[in-house]
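The next block holds one structure in the form of structure tokens; read it before the comments.
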Amino acid sequence: MSVLNGLFGYAFLVPLLMVLSFVIVGLGGTRMKRLEWGGWVAVAFSGAAMVVGVLIGAGEMMSPGSWTNVQYTWFTLPGAGPFPNGFTLVVGTLVDPISALMLIVVTVVGFLVMLYSIEYMHHDRGLPRYYSELSLFLAAMNGLVISNNLLEFFLFWELVGLCSYFLIGFYYEKPSASSAAKEAFLVTRVGDVMFLLGIFILFSTYATAGPLGSGGWAANGFVFANGSQPFLAGATANSTTLTVAGIMILGGAAGKSAQFPLHVWLPDAMEGPTTVSALIHAATMVAAGVYLLAVTSVFIGFTSFVSLVIVGIGGFTAFFAATMAVVHPDIKRVIAYSTVSQLGYMVLAVGAGFTMVGLYHLFTHAFFKALLFLAAGSVIHAIGTQDLFKMGGLRRAMPLTATAFAVGGLALSGIPPFAGFWSKDDILASVYSQLGAHPAYWPFFLLAFAAVFLTAYYIFRAWFLAFSGEKTRDPTLPHPHEGPWVMQVPLIVLSAFAVGAGLFVFWPNFQGLLFHGYGVGGIPPTYGTTDLLLSAVSVGLAGSGIGVAWLLWGNGRVVDLPSTSAAQPVRRLLLNRYYFKVTYDWIGAKGVYTVARAADFFDQYVIDGTVHGFERGFAWTSDRLRRIQSGVVSDYAAYVVAGLLALFVLLLVVAPYVVAHFGGT
Amino acid sequence: MTALPIVGFLALSAALVAVGLFGILTRRNFILLLIAIEIAMSAAILNFVYFAAFEGGPVAVMGQSIAIVVIGFAATEVAVGLGIVLALNRVRRSINVAEANELKL
Amino acid sequence: MSVEELAFLALAGVALVTGVAALLVRELVHTILWIALFFIDLAAIYFLLSAPFLGVLQLGVYAGAVTVLLLFGVMVTRKRIFSREAATGLGAVPLALAVVTFIFVVATVGEFPQGQLPVRSVDPSALSEALFGTYGPWLLLLGLVMLSAVSGAIYLVREGRE
């Protein structure tokens, strides 16, 4: 409808609303005691943003494939050096199918989490700070998804990382929290540097950072694909540049999306409030990495080498993270590893060329992962612990939460008809269809496939440990009960999405969001015989995973591995996350710290030394010179005479000599 | 008409200038300063007289006239200098030049 | 060597001795005496150089007025100064400077005609004509300067000034 289309030019309103929320709550939150210290203000703004976001998404659905680019020229530089025609930097918004999809995800989940926070954070201190930081995060994330060029994208990317730092370190008095925040920031920094380098490479080669659409790259004569969006002329053109740039951008995405080897920060990020984990580390910020890869695949393209690397990292991470979730006793960290693993699936899909399938999984995953986190948050809020081995029997006292968690778990495991089944299976089927052309994908496909079993196992292990059985294992815990409506409503809404979101894909209008011209298809999922077979196998795996979990942990059973079992070292390895963090710490401490000390030494003694040397030199000289002014007239007279004599010498001796030897007048 | 070597006279006035200069630069007593200045000025006046004597004619007259005028100036300067000595003495209770090394009294 | 030359040498020597002595003796009153001798010696030199008018003038102004002035100065400030202050030892740098100056001036001596030169006397009437005629303005100027100097000196030493 043209009315909705008219909204596309106002896409900037979404982040702008959240910026307003940030400012208002940030400045005035301490005076809003009755408004839950700014909480309801933030909820109102995020609700308004959600309305706008959903309307834009609806508009995009109505006119599928439409593509609105609003941009303003920031500045233009004349041609020089490597840019003979000069270049232009722009800012602007781009509303196209994938950004509209992301907009829906971010605004809806954002609103629900904000609402949930009202109760969840009710007893915490520093709430204005929380709500304003969360608002700023939403502003940045929304801005990111509607950016129309890579530089603007990067700006919001950094801002998102900054807000993540703030929010992870919300309980800053806890040393573990502030160090987790630093870890998150530093690890993603490594990725960010690579990303920036990738942008520079692209920029210096193509003299533009965007817009992620017409104008820039198209003007350089690139091939248009599928009739509407430009696409860099294949992997064959200038493939080294593209390869390097692609790897760099992958680095950035891997940092933000916690893929191997930059995955270490996400489990520790659970130090932040659960709502933060739900929003940032499940649905949105970590999805930004996948979004970046999607955008890159559409507008820039991956060379075959880069594709392989992406597939490799995605598949490997999917399995690798799942193994660590299998033994962890902390409910939030189990879900965190699950996030890393599922992101691996998305990355795998995008790497294989199925951009839209990956984004489809991102869409469904956002909902059921947020659901899982919020359900876990409900438990934590009720009984105050995150240790699974202290919980038990909660389904009686908290039936809604138990159901919500189960729904989320089923969706995650990929049991039909829950949402995760459709999207995850689509990924597996799509990658499978590529195995003929790219036999190198086989191991990663198998890893991803195996992870299905592990996924179902670990999430239901968590469910059984927490909710099944008769009573809590730790008798000192307070009596659990459900939270108030502000916590229950988001759980209900998200559960509905977790059930139904998968079926959206069969709605033609929704398909408009997902595919027009992007990627090589896969939407809507087709179900030929191979696909059905694959689905059957994966459902079977998931089912058996749930079964094993029930055997080990159901009905309040706790299975302890005997201490002499051969599995113990494996368990330790997994619990210690394959000693990654320890290694990184060691590298940081020895390597980086040594360099830092050397730099400090240099700075203090050489640079500062030079400056102080000047200072002392000046002081010494002026002290000496000062003594000329003794005040004693005789001294002055002596100076005068000396000067006069010098003058005589000059005039009577030096001058004739100079004239005689060098001529002149 | 006597004949005398001018070189010696010039050496004499050069020496007297040096003596006077030495006195100016080293003596701390104000009155001694004045005396030293007088010695040096006398050397200059001597020079004029030499040239007057050895040139003769209109130059001689000019030289002696100049000598007369300069003697007058020198005497004046001594008078003023002594006035300064007395004023300084009244304020500072001493006429040590080295003590008067600040601009304010 | 003629009588005049001898006389000149003697007079020059006395001038130097008295000059240096005046600066170096400890008692301030003694320096006054030495300086008086110096001035008288200079007057003698002027007579030798056929400038009798100047010689008399020197005797009257310098050996008379200036010496007395200096003596008055010494007497008025006497009770407040210590003899120690009269002389402050020899600094190396001023001595060096003085010597260098001497060398410099003497170095230019080479440009003057060597050997004996006749001494010409000046006719007193011609002198007075020139002094009050051609150089009259200079005399007037001198008078004005003296006037202002006297006023200044009186101002400096008037009572009530602290």
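Starting from 1 in every chain, residues are counted up; chains themselves are A, B, ... following the order of the structure tokens, and ligands are numbered from 1 as listed.
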Notebook entry, point to check: Near chain A, which residues of chain C fall within 8 Å when you count only C-alpha atoms, and what do they look like as a list in words?
Noted result: Pro94, Leu97 and Thr101 of chain C
Go through chain B residue by residue and, counting only C-alpha atoms, keep those with an atom at most 6 Å from chain C; for each kept residue give the shortest atom pair and its distance in Å to one decimal, ordered by chain and increasing number, as a Markdown table.
```
| residue | atom | partner | partner_atom | distance |
| --- | --- | --- | --- | --- |
| B:Thr2 | CA | C:Val119 | CA | 5.6 |
| B:Ala3 | CA | C:Pro118 | CA | 4.1 |
| B:Leu4 | CA | C:Gln116 | CA | 5.0 |
| B:Pro5 | CA | C:Gln116 | CA | 4.4 |
| B:Ala14 | CA | C:Phe102 | CA | 5.5 |
| B:Ala15 | CA | C:Phe102 | CA | 5.9 |
| B:Ala18 | CA | C:Ala98 | CA | 4.7 |
| B:Leu21 | CA | C:Ala98 | CA | 6.0 |
| B:Phe22 | CA | C:Ala98 | CA | 5.5 |
| B:Leu25 | CA | C:Pro94 | CA | 5.8 |
| B:Asn29 | CA | C:Ala86 | CA | 5.6 |
| B:Ala53 | CA | C:Arg120 | CA | 5.4 |
| B:Phe54 | CA | C:Val119 | CA | 5.2 |
| B:Gly56 | CA | C:Arg120 | CA | 5.5 |
| B:Val61 | CA | C:Leu127 | CA | 5.5 |
| B:Ser65 | CA | C:Leu131 | CA | 5.7 |
| B:Thr76 | CA | C:Met146 | CA | 5.9 |
| B:Val80 | CA | C:Ala153 | CA | 5.4 |
| B:Gly83 | CA | C:Ala153 | CA | 4.9 |
| B:Ala87 | CA | C:Val157 | CA | 5.7 |
| B:Val91 | CA | C:Glu162 | CA | 5.8 |
```
Requested write-out: C-alpha atoms of the selected residues, as a short mmCIF file (atom, residue, chain, number, x, y, z; two decimals), in the first residue's frame:
```cif
data_model
loop_
_atom_site.label_atom_id
_atom_site.label_comp_id
_atom_site.auth_asym_id
_atom_site.auth_seq_id
_atom_site.Cartn_x
_atom_site.Cartn_y
_atom_site.Cartn_z
CA THR B 2 109.81 72.33 20.67
CA ALA B 3 109.45 69.01 19.00
CA LEU B 4 107.92 66.06 20.82
CA PRO B 5 106.89 62.58 19.78
CA ALA B 14 95.47 55.39 26.23
CA ALA B 15 96.92 54.29 29.54
CA ALA B 18 92.57 52.09 30.75
CA LEU B 21 88.07 52.12 32.92
CA PHE B 22 89.54 49.79 35.45
CA LEU B 25 84.56 48.54 36.57
CA ASN B 29 82.58 53.38 46.32
CA ALA B 53 99.17 71.44 19.64
CA PHE B 54 100.48 69.33 16.85
CA GLY B 56 98.26 74.30 14.62
CA VAL B 61 91.89 76.67 18.11
CA SER B 65 87.96 75.28 22.51
CA THR B 76 79.29 69.77 35.99
CA VAL B 80 75.64 66.27 39.86
CA GLY B 83 74.43 65.32 44.57
CA ALA B 87 70.92 61.52 48.13
CA VAL B 91 68.47 56.82 51.78
#
```
Next item on the list: Counting only C-alpha atoms, figure out which residue out of C:Met75, C:Ile40, C:Gly55, C:His30 gets nearest to Ala67 in chain B.
Entry: C:Gly55
Name all residues at most 8 Å from Leu16 in chain B (count only C-alpha atoms; drop same-chain ones fewer than 4 positions away) and give them as a PDB file with N, CA and C atoms, in the first residue's frame.
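This went into part31.pdb:
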```
ATOM      1  N   LEU B  12     100.100  57.740  26.543  1.00  0.00           N
ATOM      2  CA  LEU B  12      99.715  58.207  27.867  1.00  0.00           C
ATOM      3  C   LEU B  12      98.203  58.258  28.006  1.00  0.00           C
ATOM      4  N   GLY B  20      91.260  54.589  34.068  1.00  0.00           N
ATOM      5  CA  GLY B  20      89.925  55.047  34.426  1.00  0.00           C
ATOM      6  C   GLY B  20      88.888  53.944  34.246  1.00  0.00           C
ATOM      7  N   ILE B  39      89.268  60.660  35.638  1.00  0.00           N
ATOM      8  CA  ILE B  39      90.560  60.280  35.045  1.00  0.00           C
ATOM      9  C   ILE B  39      90.385  59.966  33.575  1.00  0.00           C
ATOM     10  N   ALA B  40      89.354  59.198  33.274  1.00  0.00           N
ATOM     11  CA  ALA B  40      89.145  58.836  31.877  1.00  0.00           C
ATOM     12  C   ALA B  40      88.828  60.046  31.027  1.00  0.00           C
ATOM     13  N   ALA B  43      91.783  61.981  30.163  1.00  0.00           N
ATOM     14  CA  ALA B  43      92.544  61.400  29.059  1.00  0.00           C
ATOM     15  C   ALA B  43      91.993  61.888  27.721  1.00  0.00           C
TER      16      ALA B  43
ATOM     17  N   LEU C  16     100.421  58.694  35.629  1.00  0.00           N
ATOM     18  CA  LEU C  16     100.004  57.303  35.798  1.00  0.00           C
ATOM     19  C   LEU C  16     100.052  56.886  37.261  1.00  0.00           C
ATOM     20  N   GLY C  19      97.296  58.521  39.234  1.00  0.00           N
ATOM     21  CA  GLY C  19      95.987  57.989  38.857  1.00  0.00           C
ATOM     22  C   GLY C  19      95.727  56.640  39.485  1.00  0.00           C
TER      23      GLY C  19
END
```
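In terms of minimum interatomic distance to Ala462 in chain A, A:Trp553 ranks closest within A:Tyr605, A:Phe45, A:Phe166, A:Trp553, counting only C-alpha atoms.
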